[in-house]
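Trainee: What follows is entry23.csv, CSV, C-alpha atoms.
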chain,number,residue,atom,x,y,z
E,1,MET,CA,-20.1,-81.9,17.3
E,2,VAL,CA,-18.0,-82.1,14.1
E,3,GLY,CA,-16.4,-85.4,13.2
E,4,PRO,CA,-12.8,-85.9,12.1
E,5,GLY,CA,-12.2,-84.8,8.5
E,6,ALA,CA,-15.2,-82.5,8.3
E,7,GLU,CA,-14.9,-78.9,7.1
E,8,GLN,CA,-14.4,-76.3,9.8
E,9,ALA,CA,-17.0,-73.5,9.8
E,10,PRO,CA,-15.5,-70.1,9.4
E,11,PRO,CA,-15.3,-68.1,12.6
E,12,LEU,CA,-18.2,-65.8,13.2
E,13,HIS,CA,-16.1,-62.8,14.1
E,14,LYS,CA,-13.0,-61.8,12.2
E,15,SER,CA,-10.2,-60.3,14.2
E,16,LEU,CA,-9.9,-56.5,13.6
E,17,PRO,CA,-6.6,-54.9,12.7
E,18,ALA,CA,-4.7,-53.2,15.5
E,19,PRO,CA,-5.4,-49.5,15.6
E,20,PRO,CA,-2.6,-47.1,14.6
E,21,PRO,CA,-0.5,-45.7,17.4
E,22,LEU,CA,-1.9,-42.4,18.8
E,23,THR,CA,0.0,-39.2,18.1
E,24,PRO,CA,1.2,-37.8,21.3
E,25,VAL,CA,-0.3,-34.4,22.2
E,26,LEU,CA,2.3,-31.8,23.3
E,27,PRO,CA,1.5,-30.0,26.5
E,28,TYR,CA,0.3,-26.4,26.1
E,29,ASP,CA,3.3,-24.1,26.6
E,30,GLU,CA,2.1,-20.5,27.3
E,31,HIS,CA,5.6,-19.1,27.2
E,32,MET,CA,6.3,-20.7,23.7
E,33,VAL,CA,3.0,-19.2,22.4
E,34,THR,CA,4.0,-15.8,23.8
E,35,ARG,CA,7.4,-16.0,22.1
E,36,LEU,CA,5.9,-17.0,18.7
E,37,LEU,CA,3.2,-14.3,18.6
E,38,PRO,CA,5.6,-11.4,17.6
E,39,LEU,CA,7.1,-13.6,14.9
E,40,LEU,CA,3.7,-14.4,13.4
E,41,ALA,CA,2.7,-10.8,13.5
E,42,ALA,CA,5.9,-9.8,11.7
E,43,LEU,CA,5.3,-12.4,9.0
E,44,THR,CA,1.7,-11.2,8.6
E,45,ILE,CA,2.9,-7.6,8.0
E,46,ALA,CA,5.9,-8.5,5.9
E,47,ILE,CA,4.1,-10.7,3.4
E,48,PRO,CA,1.6,-8.1,2.1
E,49,ALA,CA,4.2,-5.4,2.2
E,50,ALA,CA,6.6,-7.4,0.1
E,51,ALA,CA,3.8,-8.2,-2.4
E,52,GLN,CA,3.0,-4.6,-3.1
E,53,GLN,CA,5.2,-3.1,-5.8
E,54,ALA,CA,4.8,0.1,-7.7
E,55,VAL,CA,3.6,-0.5,-11.2
E,56,LYS,CA,3.7,2.0,-14.0
E,57,THR,CA,0.5,1.8,-16.1
E,58,ASN,CA,-0.7,3.6,-19.2
E,59,VAL,CA,-4.0,5.2,-17.9
E,60,PRO,CA,-6.0,7.3,-20.3
E,61,GLY,CA,-6.2,10.9,-19.1
E,62,ILE,CA,-3.4,10.6,-16.6
E,63,VAL,CA,0.3,11.4,-17.2
E,64,ASN,CA,3.0,9.1,-15.7
E,65,TYR,CA,0.6,7.0,-13.6
E,66,ALA,CA,2.5,4.7,-11.1
E,67,GLY,CA,0.5,3.0,-8.4
E,68,ILE,CA,0.8,0.4,-5.6
E,69,GLU,CA,-2.4,-1.6,-5.8
E,70,THR,CA,-5.0,0.3,-3.8
E,71,THR,CA,-2.6,2.0,-1.4
E,72,VAL,CA,-1.5,5.1,-3.4
E,73,ALA,CA,-0.7,6.3,-6.9
E,74,CYS,CA,1.4,9.2,-8.2
E,75,GLY,CA,1.7,10.9,-11.5
E,76,GLY,CA,1.1,14.1,-13.5
E,77,PRO,CA,-2.0,16.1,-14.4
E,78,VAL,CA,-5.4,14.5,-14.7
E,79,LYS,CA,-8.0,15.0,-17.5
E,80,PRO,CA,-11.7,14.5,-16.9
E,81,ALA,CA,-11.5,10.9,-18.3
E,82,GLY,CA,-8.7,10.2,-15.9
E,83,MET,CA,-10.8,11.3,-12.9
E,84,ALA,CA,-13.5,8.8,-13.9
E,85,GLU,CA,-10.8,6.1,-14.2
E,86,LEU,CA,-9.5,6.9,-10.8
E,87,LYS,CA,-13.0,6.6,-9.4
E,88,SER,CA,-13.4,3.2,-11.0
E,89,ARG,CA,-10.1,2.0,-9.5
E,90,GLY,CA,-11.4,2.8,-6.0
E,91,PHE,CA,-9.6,6.0,-5.3
E,92,LYS,CA,-11.3,8.5,-3.0
E,93,ALA,CA,-9.3,11.7,-3.6
E,94,VAL,CA,-6.9,13.6,-5.8
E,95,VAL,CA,-4.2,15.6,-4.2
E,96,ASN,CA,-2.7,18.2,-6.5
E,97,LEU,CA,0.8,19.7,-5.7
E,98,GLN,CA,1.1,21.9,-8.8
E,99,LEU,CA,1.1,25.7,-8.5
E,100,ALA,CA,-1.9,27.2,-10.2
E,101,ASP,CA,0.3,29.1,-12.7
E,102,GLU,CA,2.3,26.1,-13.9
E,103,PRO,CA,1.9,25.6,-17.7
E,104,THR,CA,0.2,22.2,-17.3
E,105,ALA,CA,-1.9,23.1,-14.3
E,106,ASP,CA,-5.7,23.3,-14.4
E,107,VAL,CA,-6.8,23.5,-10.9
E,108,ALA,CA,-10.3,24.8,-11.7
E,109,GLY,CA,-10.8,22.1,-14.4
E,110,GLU,CA,-9.5,19.3,-12.2
E,111,THR,CA,-11.7,20.5,-9.3
E,112,ALA,CA,-14.8,20.3,-11.5
E,113,ALA,CA,-13.9,17.0,-13.0
E,114,ALA,CA,-13.1,15.4,-9.6
E,115,SER,CA,-16.4,16.6,-8.2
E,116,ALA,CA,-18.3,15.2,-11.2
E,117,ALA,CA,-16.5,11.9,-10.7
E,118,GLY,CA,-17.3,11.8,-7.0
E,119,LEU,CA,-13.7,12.3,-5.8
E,120,ASN,CA,-12.5,14.7,-3.1
E,121,TYR,CA,-10.0,17.2,-4.4
E,122,VAL,CA,-7.2,18.8,-2.3
E,123,HIS,CA,-4.9,21.5,-3.7
E,124,VAL,CA,-1.6,21.8,-1.9
E,125,PRO,CA,0.7,24.0,-4.0
E,126,PHE,CA,4.4,22.9,-3.6
E,127,GLN,CA,7.3,24.2,-5.7
E,128,THR,CA,10.8,22.7,-5.8
E,129,ALA,CA,12.6,26.0,-6.3
E,130,SER,CA,11.5,27.4,-2.9
E,131,PRO,CA,9.7,24.6,-1.1
E,132,ASP,CA,7.3,25.6,1.7
E,133,PRO,CA,7.7,23.2,4.7
E,134,THR,CA,4.1,24.0,5.8
E,135,ALA,CA,2.9,22.4,2.6
E,136,VAL,CA,4.1,19.1,4.0
E,137,ASP,CA,1.8,19.5,7.0
E,138,ARG,CA,-1.2,20.1,4.8
E,139,PHE,CA,-0.2,17.2,2.6
E,140,LEU,CA,0.1,14.8,5.5
E,141,LYS,CA,-3.3,15.9,6.9
E,142,ALA,CA,-4.9,15.4,3.5
E,143,VAL,CA,-3.5,11.9,2.9
E,144,GLY,CA,-4.1,10.9,6.5
E,145,ASP,CA,-7.8,11.6,6.3
E,146,PRO,CA,-9.6,8.3,5.9
E,147,ALA,CA,-12.1,10.0,3.6
E,148,ASN,CA,-9.2,10.6,1.2
E,149,GLN,CA,-7.8,7.1,1.2
E,150,PRO,CA,-6.6,5.9,-1.2
E,151,ALA,CA,-5.4,9.0,-2.9
E,152,PHE,CA,-3.9,9.8,-6.2
E,153,ILE,CA,-1.2,12.4,-5.7
E,154,HIS,CA,0.1,14.4,-8.7
E,155,CYS,CA,2.3,17.3,-9.7
E,156,ALA,CA,3.6,18.0,-13.2
E,157,ALA,CA,5.3,14.6,-13.7
E,158,GLY,CA,5.1,12.7,-10.4
E,159,SER,CA,8.5,13.5,-8.7
E,160,ARG,CA,7.1,16.0,-6.2
E,161,ALA,CA,4.2,13.7,-5.5
E,162,ALA,CA,6.4,10.7,-4.8
E,163,GLY,CA,8.8,12.8,-2.7
E,164,MET,CA,5.9,13.9,-0.5
E,165,TRP,CA,4.8,10.3,-0.2
E,166,MET,CA,8.3,9.3,0.9
E,167,ILE,CA,8.1,11.8,3.8
E,168,LYS,CA,4.8,10.3,4.8
E,169,ARG,CA,6.1,6.8,4.7
E,170,VAL,CA,9.0,7.6,7.1
E,171,LEU,CA,7.4,10.1,9.5
E,172,VAL,CA,3.9,8.6,9.7
E,173,ASP,CA,4.3,4.9,8.7
E,174,HIS,CA,7.7,4.6,10.4
E,175,TRP,CA,9.4,3.1,7.4
E,176,ASP,CA,13.2,3.2,7.2
E,177,ILE,CA,14.6,5.8,4.8
E,178,ASP,CA,16.0,3.3,2.3
E,179,ARG,CA,12.8,1.4,1.9
E,180,ALA,CA,10.7,4.6,1.6
E,181,GLN,CA,13.1,6.0,-1.0
E,182,THR,CA,13.1,2.9,-3.0
E,183,GLU,CA,9.3,3.0,-3.2
E,184,ALA,CA,9.3,6.7,-3.9
E,185,GLU,CA,11.7,6.2,-6.8
E,186,ALA,CA,9.4,3.5,-8.2
E,187,LEU,CA,6.5,5.9,-7.9
E,188,GLY,CA,8.3,8.6,-9.9
E,189,LEU,CA,10.8,10.4,-7.6
E,190,ALA,CA,13.5,11.6,-10.0
E,191,SER,CA,14.3,15.2,-9.1
E,192,PRO,CA,17.5,15.6,-7.0
E,193,ALA,CA,16.1,18.8,-5.5
E,194,VAL,CA,12.9,17.1,-4.3
E,195,LYS,CA,14.9,14.1,-3.0
E,196,LYS,CA,17.1,16.5,-1.0
E,197,PHE,CA,14.1,18.4,0.4
E,198,ALA,CA,12.5,15.2,1.4
E,199,LEU,CA,15.6,13.8,3.2
E,200,ASP,CA,16.3,17.1,4.9
E,201,TYR,CA,12.7,17.4,6.1
E,202,ILE,CA,12.7,13.9,7.4
E,203,GLN,CA,16.0,14.5,9.3
E,204,ALA,CA,14.6,17.7,10.8
E,205,HIS,CA,11.3,16.1,11.9
E,206,ALA,CA,12.4,12.6,12.9
E,207,ARG,CA,11.7,11.7,16.5
Can I see the file as structure tokens?

Mentor:
Amino acid sequence: MVGPGAEQAPPLHKSLPAPPPLTPVLPYDEHMVTRLLPLLAALTIAIPAAAQQAVKTNVPGIVNYAGIETTVACGGPVKPAGMAELKSRGFKAVVNLQLADEPTADVAGETAAASAAGLNYVHVPFQTASPDPTAVDRFLKAVGDPANQPAFIHCAAGSRAAGMWMIKRVLVDHWDIDRAQTEAEALGLASPAVKKFALDYIQAHAR
């Protein structure tokens, strides 16, 4: 027993602070999740699509190179050094839309250079003056083959290549025309004749 005036011994146990209030847990709402899933899916698709922009780059051995990351690239004729560069950038194939008798065309040389670089090579002759609609079918088959993805598509300067890619974007990827045309112009679509052919072909084959 402690007498009057004596020091009080400290308590053996200090009082603990009160715990923070618990955060309430919302009940699981299956209908809310179902409504949010399409929105989340749309955001997932829109973010990378918005991030991919056509960029024109000075690539040795390639005329007018313009590409969208590892999705596609368009341009003009390719020298052997350009084939090796395409391979190093991850491309699997080269699709050539030039006629064999065009002044800048070298189908045999490109075929050999592509083979040496380990690239697939597809020749789909397509001329603006009298375009062959069946060439589009062959083109879509070539770029739709996983073994050829991604592909570098070329003509004399890039306009035909970008125009064909525009058709693919609308009819295969189901892009709206304005979005596909904007991308195609960034990739090199400049010829009014090619643009008209692409728009007419899309209108005739739209489902």

Trainee: Find the residues around Thr182 (chain E) up to 12 Å (all atoms listed in the file counted), leave out those fewer than 5 positions away in its own chain, and share them as an NGL selection string.

Mentor: :E and (53-54 or 162-163 or 165-166 or 169-170 or 175-177 or 187-190 or 195)

Trainee: Report, in Å with one decimal, the straight-line distance from CA of Ala73 (chain E) to CA of Ala204 (chain E).

Mentor: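 CA of Ala204 (chain E) lies 26.0 Å from CA of Ala73 (chain E).
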
Trainee: Find the residues near Asn148 (chain E): any atom within 10 Å, counting only C-alpha atoms, skip ones fewer than 4 places away on the same chain, and give them as a ChimeraX atom specification.

Mentor: /E:91-95,119-122,141-144,152

Trainee: For the residues in the current selection, export C-alpha atoms as a PDB file, in the coordinates of the input.

Mentor:
ATOM      1  CA  PHE E  91      -9.600   6.000  -5.300  1.00  0.00           C
ATOM      2  CA  LYS E  92     -11.300   8.500  -3.000  1.00  0.00           C
ATOM      3  CA  ALA E  93      -9.300  11.700  -3.600  1.00  0.00           C
ATOM      4  CA  VAL E  94      -6.900  13.600  -5.800  1.00  0.00           C
ATOM      5  CA  VAL E  95      -4.200  15.600  -4.200  1.00  0.00           C
ATOM      6  CA  LEU E 119     -13.700  12.300  -5.800  1.00  0.00           C
ATOM      7  CA  ASN E 120     -12.500  14.700  -3.100  1.00  0.00           C
ATOM      8  CA  TYR E 121     -10.000  17.200  -4.400  1.00  0.00           C
ATOM      9  CA  VAL E 122      -7.200  18.800  -2.300  1.00  0.00           C
ATOM     10  CA  LYS E 141      -3.300  15.900   6.900  1.00  0.00           C
ATOM     11  CA  ALA E 142      -4.900  15.400   3.500  1.00  0.00           C
ATOM     12  CA  VAL E 143      -3.500  11.900   2.900  1.00  0.00           C
ATOM     13  CA  GLY E 144      -4.100  10.900   6.500  1.00  0.00           C
ATOM     14  CA  PHE E 152      -3.900   9.800  -6.200  1.00  0.00           C
TER      15      PHE E 152
END

Trainee: Which is closer to Ala84 (chain E) than all the others in E:Thr57, E:Gln203, E:Ser115, E:Gln149, using all atoms listed in the file?

Mentor: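 For Ala84 (chain E), the nearest of the given residues is E:Ser115.
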
Trainee: How many Å lie between CA of Ala129 (chain E) and CA of Ala113 (chain E), rounded to one decimal?

Mentor: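 Rounded to one decimal, the two atoms are 28.8 Å apart.
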
Trainee: State, in Å with one decimal place, the distance from CA of Gly75 (chain E) to CA of Pro133 (chain E).

Mentor: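 So the two atoms, CA of Gly75 (chain E) and CA of Pro133 (chain E), lie 21.2 Å apart.
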
Trainee: Would you please work out which residue, of E:Ala117, E:Val55, E:Met164, E:Ala157, is nearest to Thr70 (chain E) when using all atoms listed in the file?

Mentor: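 For Thr70 (chain E), the nearest of the candidates is E:Val55.
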
Trainee: Write out as a PyMOL selection string each polymer residue whose atoms come within 7 Å of Gly76 (chain E), counting all atoms listed in the file; drop sequence neighbours fewer than 6 positions from it.

Mentor: chain E and resi 62-64+154-158
